[in-house]
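Quick look at entry_14.cif (mmCIF, C-alpha atoms):
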data_protein
#
loop_
_atom_site.group_PDB
_atom_site.id
_atom_site.type_symbol
_atom_site.label_atom_id
_atom_site.label_comp_id
_atom_site.auth_asym_id
_atom_site.auth_seq_id
_atom_site.Cartn_x
_atom_site.Cartn_y
_atom_site.Cartn_z
ATOM 1 C CA GLY T 22 34.368 37.379 16.228
ATOM 2 C CA ALA T 23 34.918 37.333 12.520
ATOM 3 C CA VAL T 24 32.463 39.402 10.514
ATOM 4 C CA VAL T 25 31.663 39.435 6.809
ATOM 5 C CA SER T 26 29.742 42.420 5.541
ATOM 6 C CA GLN T 27 27.626 41.709 2.465
ATOM 7 C CA HIS T 28 25.678 44.248 0.484
ATOM 8 C CA PRO T 29 23.283 45.063 -0.876
ATOM 9 C CA SER T 30 20.941 43.042 1.316
ATOM 10 C CA ARG T 31 18.173 43.350 -1.215
ATOM 11 C CA VAL T 32 18.105 44.400 -4.848
ATOM 12 C CA ILE T 33 15.500 44.527 -7.547
ATOM 13 C CA CYS T 34 16.728 44.914 -11.083
ATOM 14 C CA LYS T 35 15.359 44.781 -14.591
ATOM 15 C CA SER T 36 15.929 41.808 -16.812
ATOM 16 C CA GLY T 37 19.098 42.211 -18.868
ATOM 17 C CA THR T 38 20.944 44.406 -16.398
ATOM 18 C CA SER T 39 23.916 43.448 -14.226
ATOM 19 C CA VAL T 40 24.079 43.400 -10.463
ATOM 20 C CA LYS T 41 27.172 43.437 -8.289
ATOM 21 C CA ILE T 42 27.224 41.922 -4.812
ATOM 22 C CA GLU T 43 30.097 42.703 -2.443
ATOM 23 C CA CYS T 44 31.436 40.799 0.512
ATOM 24 C CA ARG T 45 34.033 42.294 2.823
ATOM 25 C CA SER T 46 35.784 40.596 5.683
ATOM 26 C CA LEU T 47 35.985 43.236 8.386
ATOM 27 C CA ASP T 48 38.472 41.919 10.882
ATOM 28 C CA PHE T 49 40.292 39.097 9.179
ATOM 29 C CA GLN T 50 41.850 38.217 5.865
ATOM 30 C CA ALA T 51 39.585 36.060 3.743
ATOM 31 C CA THR T 52 41.981 33.811 1.903
ATOM 32 C CA THR T 53 39.094 31.856 0.429
ATOM 33 C CA MET T 54 35.612 33.072 -0.394
ATOM 34 C CA PHE T 55 32.698 30.823 -1.254
ATOM 35 C CA TRP T 56 29.590 31.965 -3.080
ATOM 36 C CA TYR T 57 26.296 30.163 -2.555
ATOM 37 C CA ARG T 58 22.820 30.475 -3.967
ATOM 38 C CA GLN T 59 19.605 29.393 -2.288
ATOM 39 C CA PHE T 60 16.265 29.081 -4.047
ATOM 40 C CA PRO T 61 13.079 28.983 -1.944
ATOM 41 C CA LYS T 62 12.786 25.816 0.133
ATOM 42 C CA GLN T 63 16.046 24.539 -1.300
ATOM 43 C CA SER T 64 19.470 24.043 0.233
ATOM 44 C CA LEU T 65 22.329 26.436 -0.184
ATOM 45 C CA MET T 66 24.209 25.402 -3.291
ATOM 46 C CA LEU T 67 27.849 26.222 -3.758
ATOM 47 C CA MET T 68 28.354 28.228 -6.938
ATOM 48 C CA ALA T 69 32.065 28.918 -6.858
ATOM 49 C CA THR T 70 35.160 29.111 -4.729
ATOM 50 C CA SER T 71 37.675 31.895 -5.066
ATOM 51 C CA ASN T 72 41.112 32.350 -3.624
ATOM 52 C CA GLU T 73 42.627 35.790 -3.382
ATOM 53 C CA GLY T 74 44.500 36.712 -6.515
ATOM 54 C CA SER T 75 43.477 33.733 -8.608
ATOM 55 C CA LYS T 76 40.574 32.748 -10.816
ATOM 56 C CA ALA T 77 37.487 31.325 -9.224
ATOM 57 C CA THR T 78 36.621 27.660 -9.474
ATOM 58 C CA TYR T 79 33.022 27.171 -10.536
ATOM 59 C CA GLU T 80 30.790 24.246 -9.671
ATOM 60 C CA GLN T 81 29.329 22.177 -12.443
ATOM 61 C CA GLY T 82 26.383 23.886 -14.094
ATOM 62 C CA VAL T 83 27.334 27.399 -13.012
ATOM 63 C CA GLU T 84 28.183 29.680 -15.933
ATOM 64 C CA LYS T 85 31.411 31.509 -15.239
ATOM 65 C CA ASP T 86 30.689 34.142 -17.866
ATOM 66 C CA LYS T 87 27.368 34.933 -16.261
ATOM 67 C CA PHE T 88 28.490 34.952 -12.651
ATOM 68 C CA LEU T 89 31.696 36.947 -12.539
ATOM 69 C CA ILE T 90 33.698 36.618 -9.378
ATOM 70 C CA ASN T 91 36.528 38.900 -8.389
ATOM 71 C CA HIS T 92 38.674 38.340 -5.327
ATOM 72 C CA ALA T 93 41.361 40.928 -5.845
ATOM 73 C CA SER T 94 42.163 41.516 -2.189
ATOM 74 C CA LEU T 95 42.159 39.555 1.029
ATOM 75 C CA THR T 96 39.208 41.543 2.337
ATOM 76 C CA LEU T 97 36.953 41.944 -0.676
ATOM 77 C CA SER T 98 35.224 39.588 -3.073
ATOM 78 C CA THR T 99 32.506 40.504 -5.532
ATOM 79 C CA LEU T 100 29.948 38.517 -7.487
ATOM 80 C CA THR T 101 28.466 40.150 -10.563
ATOM 81 C CA VAL T 102 25.354 38.638 -12.078
ATOM 82 C CA THR T 103 25.505 39.715 -15.711
ATOM 83 C CA SER T 104 22.482 40.035 -17.984
ATOM 84 C CA ALA T 105 20.216 38.968 -15.175
ATOM 85 C CA HIS T 106 17.021 37.053 -15.910
ATOM 86 C CA PRO T 107 14.041 36.305 -13.681
ATOM 87 C CA GLU T 108 15.330 32.767 -13.109
ATOM 88 C CA ASP T 109 18.417 34.305 -11.466
ATOM 89 C CA SER T 110 16.191 35.628 -8.697
ATOM 90 C CA SER T 111 17.531 33.986 -5.566
ATOM 91 C CA PHE T 112 19.254 34.471 -2.228
ATOM 92 C CA TYR T 113 22.985 34.861 -2.777
ATOM 93 C CA ILE T 114 25.326 34.485 0.140
ATOM 94 C CA CYS T 115 29.066 34.541 0.595
ATOM 95 C CA SER T 116 31.179 32.712 3.110
ATOM 96 C CA ALA T 117 34.778 33.474 3.963
ATOM 97 C CA ARG T 118 37.577 31.406 5.436
ATOM 98 C CA GLU T 119 40.737 32.780 6.879
ATOM 99 C CA GLY T 120 43.821 30.893 5.773
ATOM 100 C CA GLY T 121 44.473 27.947 8.070
ATOM 101 C CA ASN T 122 41.386 28.778 10.110
ATOM 102 C CA TYR T 123 38.761 26.140 10.434
ATOM 103 C CA GLY T 124 35.722 28.355 10.621
ATOM 104 C CA TYR T 125 33.447 29.702 7.915
ATOM 105 C CA THR T 126 31.933 33.139 8.338
ATOM 106 C CA PHE T 127 28.825 33.955 6.349
ATOM 107 C CA GLY T 128 27.700 37.271 4.999
ATOM 108 C CA SER T 129 24.107 38.294 5.658
ATOM 109 C CA GLY T 130 23.009 37.458 2.133
ATOM 110 C CA THR T 131 21.574 39.350 -0.832
ATOM 111 C CA ARG T 132 18.045 38.778 -2.020
ATOM 112 C CA LEU T 133 18.006 39.399 -5.755
ATOM 113 C CA THR T 134 14.766 39.857 -7.625
ATOM 114 C CA VAL T 135 14.905 40.248 -11.389
ATOM 115 C CA VAL T 136 11.763 41.666 -12.962
ATOM 116 C CA ARG M 30 21.253 10.485 -4.664
ATOM 117 C CA LYS M 31 21.467 13.707 -2.685
ATOM 118 C CA GLU M 32 24.708 14.332 -0.854
ATOM 119 C CA VAL M 33 23.116 15.390 2.401
ATOM 120 C CA GLU M 34 19.585 14.281 3.184
ATOM 121 C CA GLN M 35 17.292 15.559 5.876
ATOM 122 C CA ASP M 36 13.623 15.227 6.676
ATOM 123 C CA PRO M 37 12.273 18.680 5.733
ATOM 124 C CA GLY M 38 9.514 18.564 8.338
ATOM 125 C CA PRO M 39 7.948 20.706 9.586
ATOM 126 C CA PHE M 40 8.283 19.363 13.082
ATOM 127 C CA ASN M 41 5.633 20.921 15.305
ATOM 128 C CA VAL M 42 6.739 20.493 18.895
ATOM 129 C CA PRO M 43 5.310 21.877 22.154
ATOM 130 C CA GLU M 44 7.525 24.146 24.181
ATOM 131 C CA GLY M 45 9.614 22.211 26.684
ATOM 132 C CA ALA M 46 9.637 19.011 24.657
ATOM 133 C CA THR M 47 12.674 17.173 23.332
ATOM 134 C CA VAL M 48 13.106 16.912 19.592
ATOM 135 C CA ALA M 49 15.616 15.033 17.472
ATOM 136 C CA PHE M 50 16.683 15.517 13.883
ATOM 137 C CA ASN M 51 18.592 13.119 11.710
ATOM 138 C CA CYS M 52 20.706 13.523 8.637
ATOM 139 C CA THR M 53 22.540 11.162 6.314
ATOM 140 C CA TYR M 54 25.411 11.957 4.000
ATOM 141 C CA SER M 55 26.517 10.043 0.950
ATOM 142 C CA ASN M 56 30.202 10.868 0.628
ATOM 143 C CA SER M 57 32.263 8.635 2.883
ATOM 144 C CA ALA M 58 35.201 11.023 2.434
ATOM 145 C CA SER M 59 33.361 13.691 4.403
ATOM 146 C CA GLN M 60 35.504 14.760 7.301
ATOM 147 C CA SER M 61 33.840 17.684 9.015
ATOM 148 C CA PHE M 62 30.273 17.922 10.162
ATOM 149 C CA PHE M 63 28.158 20.747 11.432
ATOM 150 C CA TRP M 64 24.676 21.795 12.359
ATOM 151 C CA TYR M 65 23.700 25.275 11.260
ATOM 152 C CA ARG M 66 20.578 27.183 12.096
ATOM 153 C CA GLN M 67 18.861 29.376 9.523
ATOM 154 C CA ASP M 68 16.073 31.762 10.333
ATOM 155 C CA CYS M 69 13.698 32.851 7.610
ATOM 156 C CA ARG M 70 15.434 34.963 4.955
ATOM 157 C CA LYS M 71 18.635 35.117 6.975
ATOM 158 C CA GLU M 72 22.118 33.715 6.617
ATOM 159 C CA PRO M 73 22.911 30.351 8.236
ATOM 160 C CA LYS M 74 24.617 30.509 11.614
ATOM 161 C CA LEU M 75 26.792 27.811 13.079
ATOM 162 C CA LEU M 76 25.018 26.003 15.873
ATOM 163 C CA MET M 77 27.678 23.442 16.618
ATOM 164 C CA SER M 78 30.313 21.240 15.084
ATOM 165 C CA VAL M 79 29.786 17.502 15.327
ATOM 166 C CA TYR M 80 32.532 15.239 16.605
ATOM 167 C CA SER M 81 32.870 11.473 16.417
ATOM 168 C CA SER M 82 32.682 11.159 20.179
ATOM 169 C CA GLY M 83 29.482 13.176 20.275
ATOM 170 C CA ASN M 84 29.290 16.586 21.835
ATOM 171 C CA GLU M 85 26.941 18.695 23.867
ATOM 172 C CA ASP M 86 26.393 22.414 24.096
ATOM 173 C CA GLY M 87 23.785 23.339 26.654
ATOM 174 C CA ARG M 88 20.450 21.939 25.502
ATOM 175 C CA PHE M 89 21.909 20.723 22.223
ATOM 176 C CA THR M 90 23.565 17.355 21.681
ATOM 177 C CA ALA M 91 25.086 16.223 18.401
ATOM 178 C CA GLN M 92 26.090 12.701 17.451
ATOM 179 C CA LEU M 93 28.008 11.308 14.501
ATOM 180 C CA ASN M 94 28.006 7.738 13.275
ATOM 181 C CA ARG M 95 30.640 7.451 10.577
ATOM 182 C CA ALA M 96 29.895 3.804 9.846
ATOM 183 C CA SER M 97 26.280 4.604 9.041
ATOM 184 C CA GLN M 98 27.082 8.072 7.679
ATOM 185 C CA TYR M 99 24.498 9.502 9.983
ATOM 186 C CA ILE M 100 24.374 12.674 12.065
ATOM 187 C CA SER M 101 21.846 13.643 14.691
ATOM 188 C CA LEU M 102 20.875 16.688 16.686
ATOM 189 C CA LEU M 103 18.906 16.546 19.914
ATOM 190 C CA ILE M 104 17.303 19.612 21.438
ATOM 191 C CA ARG M 105 16.112 19.331 25.036
ATOM 192 C CA ASP M 106 13.675 21.613 26.823
ATOM 193 C CA SER M 107 12.830 23.355 23.561
ATOM 194 C CA LYS M 108 12.182 27.096 23.592
ATOM 195 C CA LEU M 109 10.035 29.219 21.310
ATOM 196 C CA SER M 110 13.248 30.811 20.052
ATOM 197 C CA ASP M 111 14.432 27.433 18.780
ATOM 198 C CA SER M 112 11.944 27.734 15.918
ATOM 199 C CA ALA M 113 14.080 27.800 12.775
ATOM 200 C CA THR M 114 15.392 25.607 9.992
ATOM 201 C CA TYR M 115 18.254 23.350 11.033
ATOM 202 C CA LEU M 116 20.797 22.585 8.351
ATOM 203 C CA CYS M 117 22.981 19.508 8.342
ATOM 204 C CA VAL M 118 26.307 20.419 6.751
ATOM 205 C CA VAL M 119 29.357 18.422 5.747
ATOM 206 C CA ASN M 120 32.771 19.272 4.417
ATOM 207 C CA ILE M 121 34.776 16.772 2.429
ATOM 208 C CA ALA M 122 38.167 18.352 2.792
ATOM 209 C CA GLY M 123 37.905 18.608 6.571
ATOM 210 C CA GLY M 124 39.063 22.143 6.921
ATOM 211 C CA GLY M 125 40.599 22.650 3.510
ATOM 212 C CA ALA M 126 39.575 25.105 0.865
ATOM 213 C CA ASP M 127 36.430 23.296 -0.224
ATOM 214 C CA GLY M 128 33.030 24.733 0.405
ATOM 215 C CA LEU M 129 30.385 23.246 2.611
ATOM 216 C CA THR M 130 27.644 20.928 1.381
ATOM 217 C CA PHE M 131 24.280 21.748 2.887
ATOM 218 C CA GLY M 132 21.205 19.673 3.398
ATOM 219 C CA LYS M 133 17.856 21.262 2.606
ATOM 220 C CA GLY M 134 17.169 21.703 6.265
ATOM 221 C CA THR M 135 14.591 20.566 8.773
ATOM 222 C CA HIS M 136 11.967 23.115 9.712
ATOM 223 C CA LEU M 137 11.189 23.209 13.431
ATOM 224 C CA ILE M 138 8.221 25.034 14.917
ATOM 225 C CA ILE M 139 8.013 25.267 18.692
ATOM 226 C CA GLN M 140 4.472 25.875 19.830
ATOM 227 C CA PRO M 141 3.538 27.600 23.085
#

With the file now loaded, output its structure as structure tokens.
Amino acid sequence: GAVVSQHPSRVICKSGTSVKIECRSLDFQATTMFWYRQFPKQSLMLMATSNEGSKATYEQGVEKDKFLINHASLTLSTLTVTSAHPEDSSFYICSAREGGNYGYTFGSGTRLTVV
Amino acid sequence: RKEVEQDPGPFNVPEGATVAFNCTYSNSASQSFFWYRQDCRKEPKLLMSVYSSGNEDGRFTAQLNRASQYISLLIRDSKLSDSATYLCVVNIAGGGADGLTFGKGTHLIIQP
């Protein structure tokens, strides 16, 4: 079946630094990539949607200059958390859809801790 | 009002019992419905899609009531391995480019 590889699975960084999270679709072309964030005991919240080759669409309340999304190819999308702060500590997870395909494939998630 | 509401639980259920979860959604334009399972600190995994006619997959039965905007999941003969958080998920576009909207999840603990 479809697989999305996400890494790193866990990262600890200092406040003020930037962290890049990668998601790769291994055996299909991810026309659309969704980025979610999940705080403890909360639901996954959609942060942004990106289509290959175009700018991401951010959900209300998500700062586009802080969470940089790049979807330059059909198999790779990245999320960069810039100038990270402790309140950015969360579980970040991507989900990919192949064009015209109904299913969503999730990456394994990245647990970010900002100290 | 939250878009997708679930009872967070936890539901503590003895092994072999039947357990049912419910979920309500607020957006009447929602077109696709799913139950996902999420284990602790892991990504969500699709358990089953939910169809208007109701559908069954082994021990799992899902029902959708569009008029009441209500979705249910029934687990029969529960196993220890069923312990997880069950997420009710809807999609407005029904297969389009929009992301999924997740409920907070219902925590299920199957006890031996």

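CA of Thr47 in chain M is positioned 27.9 Å from CA of Pro61 in chain T.
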
Hey, which bits of chain T sit within 12 Å of chain M, and for each residue what's the closest pair of atoms and how far apart in Å (one decimal), counting all atoms listed in the file, rows by chain and increasing number, as a tab-separated table?
residue	atom	partner	partner_atom	distance
T:Val24	CA	M:Lys74	CA	11.9
T:Val25	CA	M:Glu72	CA	11.1
T:Ser26	CA	M:Glu72	CA	11.6
T:Gln27	CA	M:Glu72	CA	10.6
T:Ser30	CA	M:Lys71	CA	10.0
T:Arg31	CA	M:Arg70	CA	10.8
T:Ala51	CA	M:Ala126	CA	11.3
T:Thr52	CA	M:Ala126	CA	9.1
T:Thr53	CA	M:Ala126	CA	6.8
T:Met54	CA	M:Gly128	CA	8.8
T:Phe55	CA	M:Gly128	CA	6.3
T:Trp56	CA	M:Gly128	CA	8.7
T:Tyr57	CA	M:Gly128	CA	9.1
T:Arg58	CA	M:Glu72	CA	11.1
T:Gln59	CA	M:Lys133	CA	9.7
T:Phe60	CA	M:Lys133	CA	10.4
T:Pro61	CA	M:Arg70	CA	9.4
T:Lys62	CA	M:Lys133	CA	7.2
T:Gln63	CA	M:Lys133	CA	5.4
T:Ser64	CA	M:Lys133	CA	4.0
T:Leu65	CA	M:Phe131	CA	5.9
T:Met66	CA	M:Phe131	CA	7.2
T:Leu67	CA	M:Gly128	CA	6.8
T:Met68	CA	M:Gly128	CA	9.4
T:Ala69	CA	M:Gly128	CA	8.4
T:Thr70	CA	M:Gly128	CA	7.1
T:Ser71	CA	M:Ala126	CA	9.2
T:Asn72	CA	M:Ala126	CA	8.7
T:Glu73	CA	M:Ala126	CA	11.9
T:Thr78	CA	M:Asp127	CA	10.2
T:Tyr79	CA	M:Gly128	CA	11.2
T:Glu80	CA	M:Gly128	CA	10.3
T:Ser111	CA	M:Arg70	CA	10.8
T:Phe112	CA	M:Arg70	CA	8.2
T:Tyr113	CA	M:Glu72	CA	9.5
T:Ile114	CA	M:Glu72	CA	7.3
T:Cys115	CA	M:Glu72	CA	9.2
T:Ser116	CA	M:Gly128	CA	8.6
T:Ala117	CA	M:Gly128	CA	9.6
T:Arg118	CA	M:Ala126	CA	8.0
T:Glu119	CA	M:Ala126	CA	9.8
T:Gly120	CA	M:Ala126	CA	8.7
T:Gly121	CA	M:Gly125	CA	8.0
T:Asn122	CA	M:Gly124	CA	7.7
T:Tyr123	CA	M:Gly124	CA	5.3
T:Gly124	CA	M:Gly124	CA	8.0
T:Tyr125	CA	M:Leu75	CA	8.6
T:Thr126	CA	M:Lys74	CA	8.4
T:Phe127	CA	M:Glu72	CA	6.7
T:Gly128	CA	M:Glu72	CA	6.8
T:Ser129	CA	M:Glu72	CA	5.1
T:Gly130	CA	M:Glu72	CA	5.9
T:Thr131	CA	M:Lys71	CA	9.4
T:Arg132	CA	M:Arg70	CA	8.4
T:Leu133	CA	M:Arg70	CA	11.9

With range 85-103 of chain T as the partner and 9 Å as the cut-off, tabulate the residues of range 23-55 of chain T that qualify, each row holding the nearest pair of atoms and their distance in Å to one decimal, using only C-alpha atoms, sorted by chain and rising number, as a tab-separated table.
residue	atom	partner	partner_atom	distance
T:Gly37	CA	T:Thr103	CA	7.6
T:Thr38	CA	T:Thr103	CA	6.6
T:Ser39	CA	T:Thr103	CA	4.3
T:Val40	CA	T:Val102	CA	5.2
T:Lys41	CA	T:Thr101	CA	4.2
T:Ile42	CA	T:Leu100	CA	5.1
T:Glu43	CA	T:Thr99	CA	4.5
T:Cys44	CA	T:Ser98	CA	5.4
T:Arg45	CA	T:Leu97	CA	4.6
T:Ser46	CA	T:Thr96	CA	4.9
T:Leu47	CA	T:Thr96	CA	7.1
T:Asp48	CA	T:Thr96	CA	8.6
T:Phe49	CA	T:Thr96	CA	7.3
T:Gln50	CA	T:Leu95	CA	5.0
T:Ala51	CA	T:Leu95	CA	5.1
T:Thr52	CA	T:Leu95	CA	5.8
T:Thr53	CA	T:Leu95	CA	8.3
T:Met54	CA	T:Ser98	CA	7.1

Who sits within 8 Å of Asp86 in chain M, only C-alpha atoms, same chain under 3 positions skipped, as a list in words: Met77, Phe89 and Thr90 of chain M

With only C-alpha atoms counted, which protein, DNA or RNA residues have an atom no more than 6 Å from (24.8, 19.4, 8.6) in the file frame? Please answer as an mmCIF file with C-alpha atoms, in the frame of the given file.
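The resulting file, result-v6.cif, is shown below:
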data_model
loop_
_atom_site.group_PDB
_atom_site.id
_atom_site.type_symbol
_atom_site.label_atom_id
_atom_site.label_comp_id
_atom_site.auth_asym_id
_atom_site.auth_seq_id
_atom_site.Cartn_x
_atom_site.Cartn_y
_atom_site.Cartn_z
ATOM 1 C CA PHE M 62 30.273 17.922 10.162
ATOM 2 C CA PHE M 63 28.158 20.747 11.432
ATOM 3 C CA TRP M 64 24.676 21.795 12.359
ATOM 4 C CA LEU M 116 20.797 22.585 8.351
ATOM 5 C CA CYS M 117 22.981 19.508 8.342
ATOM 6 C CA VAL M 118 26.307 20.419 6.751
ATOM 7 C CA VAL M 119 29.357 18.422 5.747
#

As lines of an AutoDock Vina configuration file, please: the centre and edge lengths in Å, to one decimal, of an axis-aligned box enclosing every listed atom of range 29-39 of chain T with 4 Å added on each side.
center_x = 19.6
center_y = 43.4
center_z = -8.8
size_x = 16.6
size_y = 11.3
size_z = 28.2

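In this structure, CA of Ile121 in chain M sits 22.0 Å away from CA of Ser75 in chain T.
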